[in-house]
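Visitor: Next up, query05.txt (compact mmCIF, N, CA and C atoms).
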# COMPACT_ATOMS: atom_id res chain seq x y z
N MET A 599 -29.30 -2.99 -25.88
CA MET A 599 -27.90 -3.26 -25.71
C MET A 599 -27.11 -1.97 -25.55
N ARG A 600 -27.45 -0.92 -26.33
CA ARG A 600 -26.75 0.36 -26.21
C ARG A 600 -27.00 1.00 -24.85
N MET A 601 -28.20 0.91 -24.35
CA MET A 601 -28.55 1.50 -23.05
C MET A 601 -27.72 0.84 -21.95
N ARG A 602 -27.56 -0.46 -22.05
CA ARG A 602 -26.77 -1.19 -21.06
C ARG A 602 -25.31 -0.72 -21.06
N THR A 603 -24.75 -0.50 -22.22
CA THR A 603 -23.37 -0.02 -22.34
C THR A 603 -23.23 1.36 -21.73
N LYS A 604 -24.18 2.26 -21.99
CA LYS A 604 -24.12 3.61 -21.44
C LYS A 604 -24.22 3.57 -19.91
N VAL A 605 -25.09 2.72 -19.39
CA VAL A 605 -25.24 2.60 -17.94
C VAL A 605 -23.96 2.06 -17.33
N LEU A 606 -23.38 1.05 -17.98
CA LEU A 606 -22.13 0.48 -17.48
C LEU A 606 -21.01 1.52 -17.49
N VAL A 607 -20.89 2.29 -18.55
CA VAL A 607 -19.88 3.34 -18.64
C VAL A 607 -20.12 4.38 -17.55
N LEU A 608 -21.35 4.75 -17.32
CA LEU A 608 -21.69 5.74 -16.28
C LEU A 608 -21.32 5.20 -14.90
N VAL A 609 -21.64 3.94 -14.63
CA VAL A 609 -21.32 3.33 -13.34
C VAL A 609 -19.80 3.28 -13.14
N VAL A 610 -19.06 2.89 -14.16
CA VAL A 610 -17.60 2.84 -14.07
C VAL A 610 -17.05 4.24 -13.84
N ALA A 611 -17.57 5.23 -14.53
CA ALA A 611 -17.10 6.61 -14.36
C ALA A 611 -17.37 7.10 -12.95
N ILE A 612 -18.54 6.85 -12.42
CA ILE A 612 -18.88 7.27 -11.05
C ILE A 612 -17.97 6.56 -10.05
N PHE A 613 -17.75 5.26 -10.23
CA PHE A 613 -16.88 4.51 -9.35
C PHE A 613 -15.46 5.05 -9.38
N SER A 614 -14.97 5.39 -10.57
CA SER A 614 -13.62 5.93 -10.70
C SER A 614 -13.48 7.26 -9.97
N VAL A 615 -14.44 8.15 -10.12
CA VAL A 615 -14.41 9.45 -9.44
C VAL A 615 -14.48 9.25 -7.94
N ALA A 616 -15.34 8.36 -7.48
CA ALA A 616 -15.46 8.09 -6.04
C ALA A 616 -14.17 7.51 -5.49
N THR A 617 -13.51 6.63 -6.24
CA THR A 617 -12.25 6.03 -5.79
C THR A 617 -11.18 7.09 -5.67
N VAL A 618 -11.06 7.98 -6.64
CA VAL A 618 -10.07 9.06 -6.59
C VAL A 618 -10.35 9.97 -5.41
N ALA A 619 -11.61 10.34 -5.19
CA ALA A 619 -11.96 11.21 -4.07
C ALA A 619 -11.64 10.53 -2.75
N TYR A 620 -11.92 9.24 -2.61
CA TYR A 620 -11.62 8.52 -1.39
C TYR A 620 -10.11 8.44 -1.16
N ALA A 621 -9.35 8.16 -2.21
CA ALA A 621 -7.90 8.06 -2.07
C ALA A 621 -7.30 9.38 -1.61
N GLN A 622 -7.85 10.50 -2.04
CA GLN A 622 -7.32 11.79 -1.63
C GLN A 622 -7.66 12.11 -0.18
N THR A 623 -8.81 11.70 0.30
CA THR A 623 -9.18 12.01 1.68
C THR A 623 -8.74 10.93 2.66
N ALA A 624 -8.55 9.70 2.19
CA ALA A 624 -8.15 8.62 3.10
C ALA A 624 -6.70 8.80 3.56
N SER A 625 -5.90 9.50 2.83
CA SER A 625 -4.50 9.67 3.19
C SER A 625 -4.29 11.03 3.84
N ASN A 626 -4.97 11.27 4.94
CA ASN A 626 -4.81 12.55 5.63
C ASN A 626 -3.94 12.43 6.87
N VAL A 627 -3.18 11.35 6.95
CA VAL A 627 -2.29 11.11 8.08
C VAL A 627 -0.90 11.66 7.73
N PRO A 628 -0.35 12.54 8.55
CA PRO A 628 0.99 13.09 8.24
C PRO A 628 2.07 12.03 8.41
N PRO A 629 3.22 12.25 7.77
CA PRO A 629 4.34 11.32 7.96
C PRO A 629 4.77 11.31 9.42
N LYS A 630 5.12 10.14 9.93
CA LYS A 630 5.64 10.02 11.29
C LYS A 630 7.15 10.20 11.22
N ILE A 631 7.67 11.16 11.98
CA ILE A 631 9.11 11.47 11.99
C ILE A 631 9.77 10.69 13.12
N SER A 632 10.92 10.09 12.82
CA SER A 632 11.65 9.34 13.84
C SER A 632 13.16 9.46 13.60
N ASN A 633 13.92 9.05 14.60
CA ASN A 633 15.37 8.94 14.51
C ASN A 633 16.05 10.25 14.09
N VAL A 634 15.63 11.37 14.68
CA VAL A 634 16.28 12.66 14.39
C VAL A 634 17.67 12.64 15.00
N GLN A 635 18.70 12.88 14.16
CA GLN A 635 20.08 12.83 14.65
C GLN A 635 20.91 13.92 13.99
N VAL A 636 21.95 14.34 14.70
CA VAL A 636 22.95 15.23 14.13
C VAL A 636 24.10 14.33 13.68
N GLN A 637 24.32 14.24 12.37
CA GLN A 637 25.34 13.34 11.82
C GLN A 637 26.72 13.97 11.82
N SER A 638 26.79 15.28 11.60
CA SER A 638 28.08 15.96 11.68
C SER A 638 27.86 17.34 12.26
N ASN A 639 28.89 17.82 12.98
CA ASN A 639 28.78 19.09 13.68
C ASN A 639 30.14 19.76 13.66
N SER A 640 30.26 20.82 12.86
CA SER A 640 31.51 21.58 12.81
C SER A 640 31.22 22.97 13.37
N PRO A 641 32.23 23.83 13.48
CA PRO A 641 31.97 25.17 13.98
C PRO A 641 31.01 26.00 13.12
N SER A 642 30.83 25.62 11.84
CA SER A 642 29.96 26.45 11.00
C SER A 642 28.89 25.67 10.25
N SER A 643 28.74 24.37 10.49
CA SER A 643 27.66 23.62 9.82
C SER A 643 27.25 22.41 10.65
N ILE A 644 26.02 22.00 10.43
CA ILE A 644 25.44 20.84 11.10
C ILE A 644 24.67 20.06 10.05
N THR A 645 24.83 18.75 10.02
CA THR A 645 24.01 17.90 9.15
C THR A 645 23.04 17.12 10.02
N ILE A 646 21.76 17.28 9.73
CA ILE A 646 20.68 16.65 10.49
C ILE A 646 20.04 15.59 9.62
N THR A 647 19.80 14.41 10.19
CA THR A 647 19.14 13.34 9.46
C THR A 647 17.92 12.87 10.24
N TRP A 648 16.96 12.30 9.53
CA TRP A 648 15.78 11.70 10.16
C TRP A 648 15.09 10.79 9.18
N SER A 649 14.13 10.03 9.69
CA SER A 649 13.36 9.10 8.87
C SER A 649 11.89 9.44 8.98
N THR A 650 11.14 9.07 7.94
CA THR A 650 9.68 9.16 7.96
C THR A 650 9.12 7.80 7.57
N ASP A 651 7.89 7.53 8.00
CA ASP A 651 7.29 6.23 7.71
C ASP A 651 6.70 6.13 6.31
N LYS A 652 6.69 7.23 5.56
CA LYS A 652 6.27 7.21 4.16
C LYS A 652 7.01 8.30 3.41
N ASN A 653 7.00 8.24 2.09
CA ASN A 653 7.70 9.24 1.29
C ASN A 653 7.25 10.64 1.65
N ALA A 654 8.21 11.54 1.80
CA ALA A 654 7.92 12.91 2.20
C ALA A 654 9.07 13.81 1.79
N ASP A 655 8.83 15.12 1.82
CA ASP A 655 9.91 16.06 1.56
C ASP A 655 10.67 16.32 2.85
N ALA A 656 11.62 17.24 2.81
CA ALA A 656 12.46 17.49 3.99
C ALA A 656 12.60 18.99 4.21
N LEU A 657 12.43 19.42 5.45
CA LEU A 657 12.56 20.82 5.81
C LEU A 657 13.12 20.90 7.21
N VAL A 658 14.02 21.85 7.45
CA VAL A 658 14.52 22.11 8.80
C VAL A 658 14.27 23.57 9.10
N ASN A 659 13.57 23.83 10.19
CA ASN A 659 13.44 25.17 10.75
C ASN A 659 14.58 25.30 11.75
N TYR A 660 15.32 26.43 11.73
CA TYR A 660 16.42 26.57 12.68
C TYR A 660 16.69 28.04 12.97
N GLY A 661 17.36 28.29 14.08
CA GLY A 661 17.75 29.64 14.43
C GLY A 661 18.36 29.69 15.82
N LEU A 662 18.89 30.84 16.19
CA LEU A 662 19.47 31.02 17.52
C LEU A 662 18.39 31.10 18.59
N GLN A 663 17.20 31.41 18.20
CA GLN A 663 16.04 31.44 19.08
C GLN A 663 15.01 30.46 18.51
N PRO A 664 14.00 30.11 19.29
CA PRO A 664 12.99 29.18 18.76
C PRO A 664 12.14 29.76 17.62
N ASP A 665 12.35 31.01 17.22
CA ASP A 665 11.67 31.54 16.02
C ASP A 665 12.57 31.23 14.83
N TYR A 666 12.21 30.22 14.09
CA TYR A 666 13.08 29.54 13.16
C TYR A 666 13.24 30.23 11.80
N GLY A 667 14.36 29.90 11.12
CA GLY A 667 14.54 30.11 9.70
C GLY A 667 14.22 28.78 9.02
N ILE A 668 14.41 28.68 7.69
CA ILE A 668 14.00 27.47 6.97
C ILE A 668 15.05 27.04 5.95
N VAL A 669 15.29 25.73 5.85
CA VAL A 669 16.00 25.11 4.74
C VAL A 669 15.11 23.97 4.27
N ARG A 670 14.81 23.91 2.96
CA ARG A 670 13.86 22.91 2.45
C ARG A 670 14.45 22.15 1.27
N GLN A 671 14.16 20.85 1.22
CA GLN A 671 14.42 20.01 0.05
C GLN A 671 13.05 19.54 -0.45
N PRO A 672 12.55 20.16 -1.53
CA PRO A 672 11.21 19.80 -2.01
C PRO A 672 11.17 18.41 -2.64
N GLY A 673 9.99 17.89 -2.77
CA GLY A 673 9.78 16.60 -3.41
C GLY A 673 9.56 15.51 -2.40
N ALA A 674 8.36 14.98 -2.32
CA ALA A 674 8.01 13.92 -1.37
C ALA A 674 8.39 12.57 -1.97
N THR A 675 9.70 12.28 -2.01
CA THR A 675 10.16 11.10 -2.74
C THR A 675 10.98 10.12 -1.91
N THR A 676 11.17 10.35 -0.63
CA THR A 676 12.04 9.47 0.16
C THR A 676 11.59 9.39 1.61
N THR A 677 12.06 8.35 2.30
CA THR A 677 11.79 8.22 3.74
C THR A 677 13.03 8.49 4.57
N LYS A 678 14.18 8.67 3.93
CA LYS A 678 15.43 9.01 4.62
C LYS A 678 15.82 10.43 4.22
N HIS A 679 16.04 11.28 5.20
CA HIS A 679 16.23 12.71 4.95
C HIS A 679 17.53 13.21 5.58
N ALA A 680 18.18 14.16 4.93
CA ALA A 680 19.38 14.79 5.47
C ALA A 680 19.47 16.21 4.93
N ILE A 681 19.69 17.15 5.82
CA ILE A 681 19.88 18.55 5.43
C ILE A 681 21.07 19.08 6.20
N THR A 682 21.96 19.80 5.49
CA THR A 682 23.10 20.45 6.12
C THR A 682 22.81 21.93 6.25
N LEU A 683 22.98 22.46 7.45
CA LEU A 683 22.84 23.88 7.71
C LEU A 683 24.24 24.48 7.67
N ASP A 684 24.49 25.38 6.71
CA ASP A 684 25.82 25.98 6.52
C ASP A 684 25.85 27.41 7.04
N LYS A 685 27.07 27.93 7.14
CA LYS A 685 27.32 29.32 7.51
C LYS A 685 26.73 29.67 8.87
N LEU A 686 26.83 28.73 9.80
CA LEU A 686 26.37 28.97 11.16
C LEU A 686 27.48 29.65 11.96
N LEU A 687 27.10 30.30 13.03
CA LEU A 687 28.07 30.94 13.91
C LEU A 687 28.73 29.88 14.79
N PRO A 688 30.06 29.97 15.01
CA PRO A 688 30.73 28.96 15.84
C PRO A 688 30.34 29.08 17.31
N ASN A 689 30.32 27.95 17.99
CA ASN A 689 30.06 27.85 19.43
C ASN A 689 28.77 28.53 19.86
N GLU A 690 27.76 28.45 19.02
CA GLU A 690 26.44 28.99 19.35
C GLU A 690 25.45 27.84 19.48
N VAL A 691 24.47 28.01 20.35
CA VAL A 691 23.41 27.02 20.50
C VAL A 691 22.31 27.37 19.50
N TYR A 692 22.00 26.42 18.63
CA TYR A 692 20.94 26.58 17.64
C TYR A 692 19.75 25.70 18.01
N HIS A 693 18.56 26.24 17.83
CA HIS A 693 17.32 25.47 17.94
C HIS A 693 17.00 24.96 16.55
N PHE A 694 16.43 23.75 16.47
CA PHE A 694 15.92 23.29 15.18
C PHE A 694 14.80 22.29 15.40
N ARG A 695 13.99 22.14 14.37
CA ARG A 695 13.00 21.08 14.31
C ARG A 695 12.93 20.64 12.86
N VAL A 696 12.59 19.39 12.63
CA VAL A 696 12.47 18.89 11.27
C VAL A 696 10.99 18.77 10.92
N VAL A 697 10.72 18.97 9.64
CA VAL A 697 9.36 18.94 9.13
C VAL A 697 9.38 18.15 7.82
N SER A 698 8.43 17.24 7.64
CA SER A 698 8.29 16.51 6.38
C SER A 698 6.82 16.45 6.01
N ALA A 699 6.54 16.69 4.73
CA ALA A 699 5.18 16.64 4.22
C ALA A 699 5.10 15.59 3.11
N ASP A 700 3.99 14.86 3.08
CA ASP A 700 3.80 13.87 2.02
C ASP A 700 3.24 14.55 0.77
N ILE A 701 2.99 13.76 -0.25
CA ILE A 701 2.53 14.30 -1.53
C ILE A 701 1.17 14.99 -1.41
N ASN A 702 0.40 14.65 -0.38
CA ASN A 702 -0.91 15.27 -0.16
C ASN A 702 -0.85 16.52 0.70
N GLY A 703 0.36 16.89 1.14
CA GLY A 703 0.51 18.09 1.95
C GLY A 703 0.36 17.86 3.44
N ASN A 704 0.15 16.61 3.86
CA ASN A 704 0.07 16.30 5.29
C ASN A 704 1.47 16.45 5.90
N GLN A 705 1.57 17.23 6.96
CA GLN A 705 2.86 17.62 7.49
C GLN A 705 3.12 17.03 8.87
N GLY A 706 4.27 16.37 9.03
CA GLY A 706 4.73 15.90 10.34
C GLY A 706 5.80 16.85 10.84
N ILE A 707 5.76 17.18 12.13
CA ILE A 707 6.70 18.14 12.72
C ILE A 707 7.30 17.52 13.97
N SER A 708 8.63 17.57 14.09
CA SER A 708 9.30 17.01 15.26
C SER A 708 9.22 17.98 16.45
N ALA A 709 9.75 17.53 17.55
CA ALA A 709 9.92 18.38 18.73
C ALA A 709 11.02 19.40 18.44
N ASP A 710 11.20 20.36 19.33
CA ASP A 710 12.30 21.32 19.24
C ASP A 710 13.56 20.66 19.78
N TYR A 711 14.67 20.84 19.06
CA TYR A 711 15.97 20.33 19.50
C TYR A 711 16.94 21.49 19.64
N LYS A 712 18.00 21.28 20.43
CA LYS A 712 19.07 22.27 20.56
C LYS A 712 20.40 21.58 20.33
N ILE A 713 21.30 22.28 19.65
CA ILE A 713 22.65 21.77 19.40
C ILE A 713 23.62 22.93 19.40
N GLN A 714 24.79 22.73 19.98
CA GLN A 714 25.83 23.77 19.94
C GLN A 714 26.80 23.44 18.82
N THR A 715 27.09 24.41 17.97
CA THR A 715 28.01 24.18 16.86
C THR A 715 29.41 23.87 17.37
N GLY A 716 30.07 22.94 16.71
CA GLY A 716 31.45 22.60 17.03
C GLY A 716 31.64 21.62 18.16
N LYS A 717 30.56 21.15 18.79
CA LYS A 717 30.70 20.19 19.89
C LYS A 717 30.66 18.78 19.33
N SER A 718 31.50 17.90 19.87
CA SER A 718 31.55 16.53 19.37
C SER A 718 30.43 15.66 19.92
N SER A 719 29.83 16.06 21.02
CA SER A 719 28.70 15.30 21.54
C SER A 719 27.69 16.26 22.15
N THR A 720 26.48 15.79 22.22
CA THR A 720 25.40 16.57 22.81
C THR A 720 24.67 15.67 23.80
N GLU A 721 23.85 16.26 24.62
CA GLU A 721 23.12 15.47 25.59
C GLU A 721 21.71 15.21 25.11
N THR A 722 21.23 14.00 25.37
CA THR A 722 19.84 13.67 25.11
C THR A 722 19.18 13.39 26.45
N PRO A 723 17.96 13.75 26.63
CA PRO A 723 17.29 13.54 27.92
C PRO A 723 17.35 12.07 28.35
N GLY A 724 17.81 11.83 29.56
CA GLY A 724 17.83 10.49 30.13
C GLY A 724 18.99 9.62 29.66
N ASN A 725 19.79 10.07 28.70
CA ASN A 725 20.86 9.22 28.19
C ASN A 725 22.26 9.76 28.47
N GLY A 726 22.38 10.93 29.09
CA GLY A 726 23.70 11.53 29.28
C GLY A 726 24.27 11.96 27.96
N ALA A 727 25.59 12.07 27.86
CA ALA A 727 26.23 12.50 26.62
C ALA A 727 26.20 11.36 25.61
N LYS A 728 25.83 11.67 24.37
CA LYS A 728 25.73 10.65 23.33
C LYS A 728 26.13 11.27 22.00
N GLN A 729 27.10 10.69 21.32
CA GLN A 729 27.57 11.19 20.04
C GLN A 729 26.44 11.17 19.02
N GLY A 730 26.30 12.29 18.31
CA GLY A 730 25.41 12.34 17.16
C GLY A 730 23.94 12.49 17.46
N SER A 731 23.56 12.75 18.67
CA SER A 731 22.15 12.92 18.99
C SER A 731 21.84 14.39 19.24
N ALA A 732 20.60 14.73 19.13
CA ALA A 732 20.17 16.10 19.39
C ALA A 732 19.47 16.16 20.74
N THR A 733 19.40 17.34 21.32
CA THR A 733 18.76 17.52 22.61
C THR A 733 17.41 18.17 22.41
N THR A 734 16.36 17.57 22.94
CA THR A 734 15.06 18.20 22.88
C THR A 734 14.98 19.25 23.98
N SER A 735 14.23 20.30 23.71
CA SER A 735 14.10 21.33 24.75
C SER A 735 12.70 21.38 25.30
What would you get if you wrote out this structure as structure tokens?
Guide:
Amino acid sequence: MRMRTKVLVLVVAIFSVATVAYAQTASNVPPKISNVQVQSNSPSSITITWSTDKNADALVNYGLQPDYGIVRQPGATTTKHAITLDKLLPNEVYHFRVVSADINGNQGISADYKIQTGKSSTETPGNGAKQGSATTS
């Protein structure tokens, strides 16, 4: 009877370890980023929003050239993201892309977008001028 209990405990322990290992490797798909939008645009700040298909953190790479700076909100706890970029130069075209990583470190990265500070509308490919959207480059 004791041998049976030890074998059962060993089997349960092995199954538990295998389940944890599988759960860590099965979730190697990065968050899917969608609906990237500029919600507000003033001469010195821009608020960018986007969605992910699973909980993730939020990061925006941005700069006057495609070699970006970074603003990050750590914590993979939401699927709705918003970051405000402050102290920007007025009437300048900024490049940005959004990045979100899940709790396992899988990272989703958007396309490159361009936005001019202080403009009330921007152009999106194929749609003409559209309020609150970003332009991919």
Visitor: Give the strand (DSSP E) residues of segment 632-683 of chain A, as DSSP finds them on the backbone, and put them as a PyMOL selection string.
Guide: chain A and resi 632-639+644-661+667-683
Visitor: Please identify all polymer residues within 6.5 Å of Asn659 of chain A, counting all atoms listed in the file, omitting same-chain residues fewer than 5 positions from it, and present them as a PDB file with N, CA and C atoms, keeping the file's coordinate frame.
Guide:
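Output below, filename part37.pdb:
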ATOM      1  N   TYR A 666      12.210  30.220  14.090  1.00  0.00           N
ATOM      2  CA  TYR A 666      13.080  29.540  13.160  1.00  0.00           C
ATOM      3  C   TYR A 666      13.240  30.230  11.800  1.00  0.00           C
ATOM      4  N   GLY A 667      14.360  29.900  11.120  1.00  0.00           N
ATOM      5  CA  GLY A 667      14.540  30.110   9.700  1.00  0.00           C
ATOM      6  C   GLY A 667      14.220  28.780   9.020  1.00  0.00           C
ATOM      7  N   ILE A 668      14.410  28.680   7.690  1.00  0.00           N
ATOM      8  CA  ILE A 668      14.000  27.470   6.970  1.00  0.00           C
ATOM      9  C   ILE A 668      15.050  27.040   5.950  1.00  0.00           C
ATOM     10  N   VAL A 669      15.290  25.730   5.850  1.00  0.00           N
ATOM     11  CA  VAL A 669      16.000  25.110   4.740  1.00  0.00           C
ATOM     12  C   VAL A 669      15.110  23.970   4.270  1.00  0.00           C
ATOM     13  N   HIS A 693      18.560  26.240  17.830  1.00  0.00           N
ATOM     14  CA  HIS A 693      17.320  25.470  17.940  1.00  0.00           C
ATOM     15  C   HIS A 693      17.000  24.960  16.550  1.00  0.00           C
ATOM     16  N   PHE A 694      16.430  23.750  16.470  1.00  0.00           N
ATOM     17  CA  PHE A 694      15.920  23.290  15.180  1.00  0.00           C
ATOM     18  C   PHE A 694      14.800  22.290  15.400  1.00  0.00           C
ATOM     19  N   ARG A 695      13.990  22.140  14.370  1.00  0.00           N
ATOM     20  CA  ARG A 695      13.000  21.080  14.310  1.00  0.00           C
ATOM     21  C   ARG A 695      12.930  20.640  12.860  1.00  0.00           C
ATOM     22  N   VAL A 696      12.590  19.390  12.630  1.00  0.00           N
ATOM     23  CA  VAL A 696      12.470  18.890  11.270  1.00  0.00           C
ATOM     24  C   VAL A 696      10.990  18.770  10.920  1.00  0.00           C
ATOM     25  N   VAL A 697      10.720  18.970   9.640  1.00  0.00           N
ATOM     26  CA  VAL A 697       9.360  18.940   9.130  1.00  0.00           C
ATOM     27  C   VAL A 697       9.380  18.150   7.820  1.00  0.00           C
TER      28      VAL A 697
END
Visitor: Report, in Å with one decimal, the straight-line distance from atom N of Asn702 of chain A to atom C of Ala654 of chain A.
Guide: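 Going from atom N of Asn702 of chain A over to atom C of Ala654 of chain A covers 9.0 Å.
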Visitor: Which polymer residues have any atom within 7 Å of an atom of Ile646 of chain A, counting all atoms listed in the file, with same-chain residues fewer than 2 positions away left out, as a PDB file with N, CA and C atoms, in the frame of the given file?
Guide:
ATOM      1  N   VAL A 634      15.630  11.370  14.680  1.00  0.00           N
ATOM      2  CA  VAL A 634      16.280  12.660  14.390  1.00  0.00           C
ATOM      3  C   VAL A 634      17.670  12.640  15.000  1.00  0.00           C
ATOM      4  N   GLN A 635      18.700  12.880  14.160  1.00  0.00           N
ATOM      5  CA  GLN A 635      20.080  12.830  14.650  1.00  0.00           C
ATOM      6  C   GLN A 635      20.910  13.920  13.990  1.00  0.00           C
ATOM      7  N   VAL A 636      21.950  14.340  14.700  1.00  0.00           N
ATOM      8  CA  VAL A 636      22.950  15.230  14.130  1.00  0.00           C
ATOM      9  C   VAL A 636      24.100  14.330  13.680  1.00  0.00           C
ATOM     10  N   GLN A 637      24.320  14.240  12.370  1.00  0.00           N
ATOM     11  CA  GLN A 637      25.340  13.340  11.820  1.00  0.00           C
ATOM     12  C   GLN A 637      26.720  13.970  11.820  1.00  0.00           C
ATOM     13  N   SER A 638      26.790  15.280  11.600  1.00  0.00           N
ATOM     14  CA  SER A 638      28.080  15.960  11.680  1.00  0.00           C
ATOM     15  C   SER A 638      27.860  17.340  12.260  1.00  0.00           C
ATOM     16  N   ILE A 644      26.020  22.000  10.430  1.00  0.00           N
ATOM     17  CA  ILE A 644      25.440  20.840  11.100  1.00  0.00           C
ATOM     18  C   ILE A 644      24.670  20.060  10.050  1.00  0.00           C
ATOM     19  N   TRP A 648      16.960  12.300   9.530  1.00  0.00           N
ATOM     20  CA  TRP A 648      15.780  11.700  10.160  1.00  0.00           C
ATOM     21  C   TRP A 648      15.090  10.790   9.180  1.00  0.00           C
ATOM     22  N   HIS A 679      16.040  11.280   5.200  1.00  0.00           N
ATOM     23  CA  HIS A 679      16.230  12.710   4.950  1.00  0.00           C
ATOM     24  C   HIS A 679      17.530  13.210   5.580  1.00  0.00           C
ATOM     25  N   ALA A 680      18.180  14.160   4.930  1.00  0.00           N
ATOM     26  CA  ALA A 680      19.380  14.790   5.470  1.00  0.00           C
ATOM     27  C   ALA A 680      19.470  16.210   4.930  1.00  0.00           C
ATOM     28  N   ILE A 681      19.690  17.150   5.820  1.00  0.00           N
ATOM     29  CA  ILE A 681      19.880  18.550   5.430  1.00  0.00           C
ATOM     30  C   ILE A 681      21.070  19.080   6.200  1.00  0.00           C
ATOM     31  N   THR A 682      21.960  19.800   5.490  1.00  0.00           N
ATOM     32  CA  THR A 682      23.100  20.450   6.120  1.00  0.00           C
ATOM     33  C   THR A 682      22.810  21.930   6.250  1.00  0.00           C
ATOM     34  N   LEU A 683      22.980  22.460   7.450  1.00  0.00           N
ATOM     35  CA  LEU A 683      22.840  23.880   7.710  1.00  0.00           C
ATOM     36  C   LEU A 683      24.240  24.480   7.670  1.00  0.00           C
TER      37      LEU A 683
END
Visitor: One decimal, Å: what's the distance from atom CA of Pro629 of chain A over to atom CA of Thr676 of chain A, could you say?
Guide: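 Taking atom CA of Pro629 of chain A and atom CA of Thr676 of chain A, their separation equals 11.1 Å.
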Visitor: Taking into account only N, CA and C atoms, which residue in the set A:Asp684, A:Gly673, A:Pro628, A:Ser640 is nearest to Ile707 of chain A?
Guide: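 That would be A:Pro628, the residue with the smallest distance to Ile707 of chain A.
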Visitor: Would you compute the distance between atom C of Thr647 of chain A and atom CA of Ser632 of chain A? Give it in Å to one decimal.
Guide: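 Separating atom C of Thr647 of chain A from atom CA of Ser632 of chain A is a distance of 8.0 Å.
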Visitor: Quick one: residues within 6 Å of Lys630 of chain A, only N, CA and C atoms counted, chain neighbours fewer than 4 positions away excluded, as number ranges by chain?
Guide: A: 649-652, 706
Visitor: A:Thr677, A:Leu687, A:Gln714, A:Gln671: which is nearest Asn653 of chain A, counting all atoms listed in the file?
Guide: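 Of the candidates, the smallest distance to Asn653 of chain A is held by A:Thr677.
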Visitor: When distances are computed from all atoms listed in the file, which of A:Pro672, A:Ser698, A:Pro688, A:Lys717 shows the smallest separation from Ile631 of chain A?
Guide: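 Closest candidate: A:Ser698.
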Visitor: Find the residues with any atom within 5 Å of (29.5, 27.6, 17.1); use only N, CA and C atoms and the coordinates as given in the file, and write the answer as JSON, numbers by chain.
Guide: {"A": [641, 687, 688, 689, 690, 715, 716]}
Visitor: With distances taken over all atoms listed in the file, which residue among A:Leu686, A:Lys712, A:Ser643, A:Tyr692 lies nearest Gln663 of chain A?
Guide: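 Selected residue with least distance to Gln663 of chain A: A:Tyr692.
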Visitor: So, counting only N, CA and C atoms, which residue among A:Asn633, A:Ile713, A:Lys685, A:Asp655 is closest to Ile701 of chain A?
Guide: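 Closest to Ile701 of chain A of all the choices is A:Asp655.
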